[in-house]
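Presented below is the structure to which this report refers.
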Amino acid sequence: MTDTDSTPAADTGEKKPFDLGTGPGRVLVWFYGVFTVAAASRSIVQMILDFGKAPLSYVLSAVAALVYGFITYSLVRGGEKARRTALVCCAAELAGVLIVGTWTLADPSAFADATVWSDFGAGYLLIPVILPVTGMIWLRRAKTV
């Protein structure tokens, strides 16, 4: 290999941009993509068919879908700005899961139907509470690479 074969980043000593959607990030993209579709589908069907039954639950599920979708987009897009944005969204997601999870346990009558985040995501194998923690760990690690 000659010096002409090296990349410009190597010549200048700059770090190559970290691709958020590689390695473990690919698994996160997959999970967030699946949860985007699951939460959006569920909330859309529930809002169309029976919105009056549990509007708070259905709107919270729609909000969860939007957060999941935005994190998915950020992970796929990559770059430092997307990483920071996804990190903030993961923190907001975790706050939402903890608040709604605690609320559903403290006052179950407040929710006429379950949300994605009810009981800390128990209806989804607790993945909604594990996913943002995993995402934040990955995104913090991605900064140092």
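Every chain in the structure tokens takes a letter, A first, then B, and so on in the order presented; its residues are numbered from 1, and the ligands are numbered from 1 following the presented order.
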**OP:** Excluding Gly33 (chain A) and any residue of its chain fewer than 3 positions from it, enumerate the residues within 12 Å of it, using only C-alpha atoms, and give them as a PyMOL selection string.
**Re:** chain A and resi 21+25-30+36-40+65-76+131
**OP:** Would you mind writing down, as a PyMOL selection string, each residue of chain A that DSSP on the backbone assigns to helix (DSSP H, G or I)?
**Re:** chain A and resi 3-5+8-12+24-50+55-77+80-106+108-110+118-124+127-144
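CA of Ala95 (chain A) sits 12.7 Å away from CA of Ser118 (chain A).
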**OP:** Could you jot down the CA of Ser43 (chain A) to CA of Thr104 (chain A) separation for me, Å, one decimal place?
**Re:**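 Interatomic distance here is 17.6 Å.
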**OP:** Select, from A:Asp50, A:Gly96, A:Thr22, A:Thr134, the residue with the minimum atom-to-atom distance to Trp117 (chain A), counting only C-alpha atoms.
**Re:** A:Gly96
Subject >> Distance criterion (only C-alpha atoms): nearest to Cys90 (chain A) out of A:Gly121, A:Ala64, A:Ala106, A:Phe51 >> reply: A:Ala64
Original post:
What is the CA of Glu93 (chain A)-CA of Pro132 (chain A) distance in Å, reported with one decimal?
Top reply: 6.4 Å
Subject >> Contacts of Ser109 (chain A) at 12 Å (only C-alpha atoms; same-chain gap of 4+ positions) as an NGL selection string >> reply: :A and (54 or 56-57 or 103-105 or 113-114)
Given the selection you just returned, output its residues as a file containing all heavy atoms, formatted as an mmCIF file, in the first residue's frame.
data_model
loop_
_atom_site.group_PDB
_atom_site.id
_atom_site.type_symbol
_atom_site.label_atom_id
_atom_site.label_comp_id
_atom_site.auth_asym_id
_atom_site.auth_seq_id
_atom_site.Cartn_x
_atom_site.Cartn_y
_atom_site.Cartn_z
ATOM 1 N N ALA A 54 -60.398 5.552 25.426
ATOM 2 C CA ALA A 54 -59.185 5.840 26.199
ATOM 3 C C ALA A 54 -58.287 6.816 25.437
ATOM 4 O O ALA A 54 -57.193 6.460 25.012
ATOM 5 C CB ALA A 54 -58.444 4.542 26.485
ATOM 6 N N LEU A 56 -56.353 9.304 26.311
ATOM 7 C CA LEU A 56 -55.022 9.526 26.870
ATOM 8 C C LEU A 56 -54.074 8.377 26.500
ATOM 9 O O LEU A 56 -52.951 8.604 26.053
ATOM 10 C CB LEU A 56 -55.092 9.681 28.398
ATOM 11 C CG LEU A 56 -53.753 9.860 29.120
ATOM 12 C CD1 LEU A 56 -53.036 11.119 28.626
ATOM 13 C CD2 LEU A 56 -53.974 9.913 30.623
ATOM 14 N N SER A 57 -54.529 7.166 26.649
ATOM 15 C CA SER A 57 -53.708 5.997 26.321
ATOM 16 C C SER A 57 -53.313 5.987 24.854
ATOM 17 O O SER A 57 -52.158 5.732 24.506
ATOM 18 C CB SER A 57 -54.472 4.708 26.641
ATOM 19 O OG SER A 57 -54.756 4.624 28.010
ATOM 20 N N TRP A 103 -47.135 6.020 36.772
ATOM 21 C CA TRP A 103 -48.524 6.493 36.804
ATOM 22 C C TRP A 103 -49.497 5.325 36.662
ATOM 23 O O TRP A 103 -50.500 5.254 37.376
ATOM 24 C CB TRP A 103 -48.714 7.499 35.678
ATOM 25 C CG TRP A 103 -49.997 8.284 35.672
ATOM 26 C CD1 TRP A 103 -51.029 8.217 36.551
ATOM 27 C CD2 TRP A 103 -50.370 9.268 34.715
ATOM 28 N NE1 TRP A 103 -52.022 9.092 36.208
ATOM 29 C CE2 TRP A 103 -51.629 9.754 35.073
ATOM 30 C CE3 TRP A 103 -49.745 9.783 33.587
ATOM 31 C CZ2 TRP A 103 -52.290 10.723 34.327
ATOM 32 C CZ3 TRP A 103 -50.406 10.754 32.855
ATOM 33 C CH2 TRP A 103 -51.663 11.216 33.232
ATOM 34 N N THR A 104 -49.211 4.391 35.737
ATOM 35 C CA THR A 104 -50.138 3.272 35.543
ATOM 36 C C THR A 104 -50.151 2.324 36.745
ATOM 37 O O THR A 104 -51.166 1.680 36.996
ATOM 38 C CB THR A 104 -49.797 2.473 34.265
ATOM 39 O OG1 THR A 104 -48.437 2.036 34.323
ATOM 40 C CG2 THR A 104 -50.030 3.285 33.016
ATOM 41 N N LEU A 105 -49.049 2.252 37.459
ATOM 42 C CA LEU A 105 -49.037 1.411 38.658
ATOM 43 C C LEU A 105 -49.684 2.117 39.842
ATOM 44 O O LEU A 105 -50.374 1.492 40.638
ATOM 45 C CB LEU A 105 -47.596 1.018 39.009
ATOM 46 C CG LEU A 105 -46.901 0.074 38.023
ATOM 47 C CD1 LEU A 105 -45.460 -0.174 38.459
ATOM 48 C CD2 LEU A 105 -47.657 -1.237 37.899
ATOM 49 N N ASP A 113 -57.184 1.979 28.918
ATOM 50 C CA ASP A 113 -56.549 0.946 28.101
ATOM 51 C C ASP A 113 -55.036 1.124 28.238
ATOM 52 O O ASP A 113 -54.557 2.202 28.581
ATOM 53 C CB ASP A 113 -56.983 1.088 26.637
ATOM 54 C CG ASP A 113 -56.799 -0.187 25.834
ATOM 55 O OD1 ASP A 113 -56.229 -1.162 26.365
ATOM 56 O OD2 ASP A 113 -57.230 -0.217 24.667
ATOM 57 N N ALA A 114 -54.291 0.091 27.949
ATOM 58 C CA ALA A 114 -52.835 0.137 28.089
ATOM 59 C C ALA A 114 -52.191 0.982 26.984
ATOM 60 O O ALA A 114 -52.721 1.105 25.887
ATOM 61 C CB ALA A 114 -52.262 -1.271 28.050
#
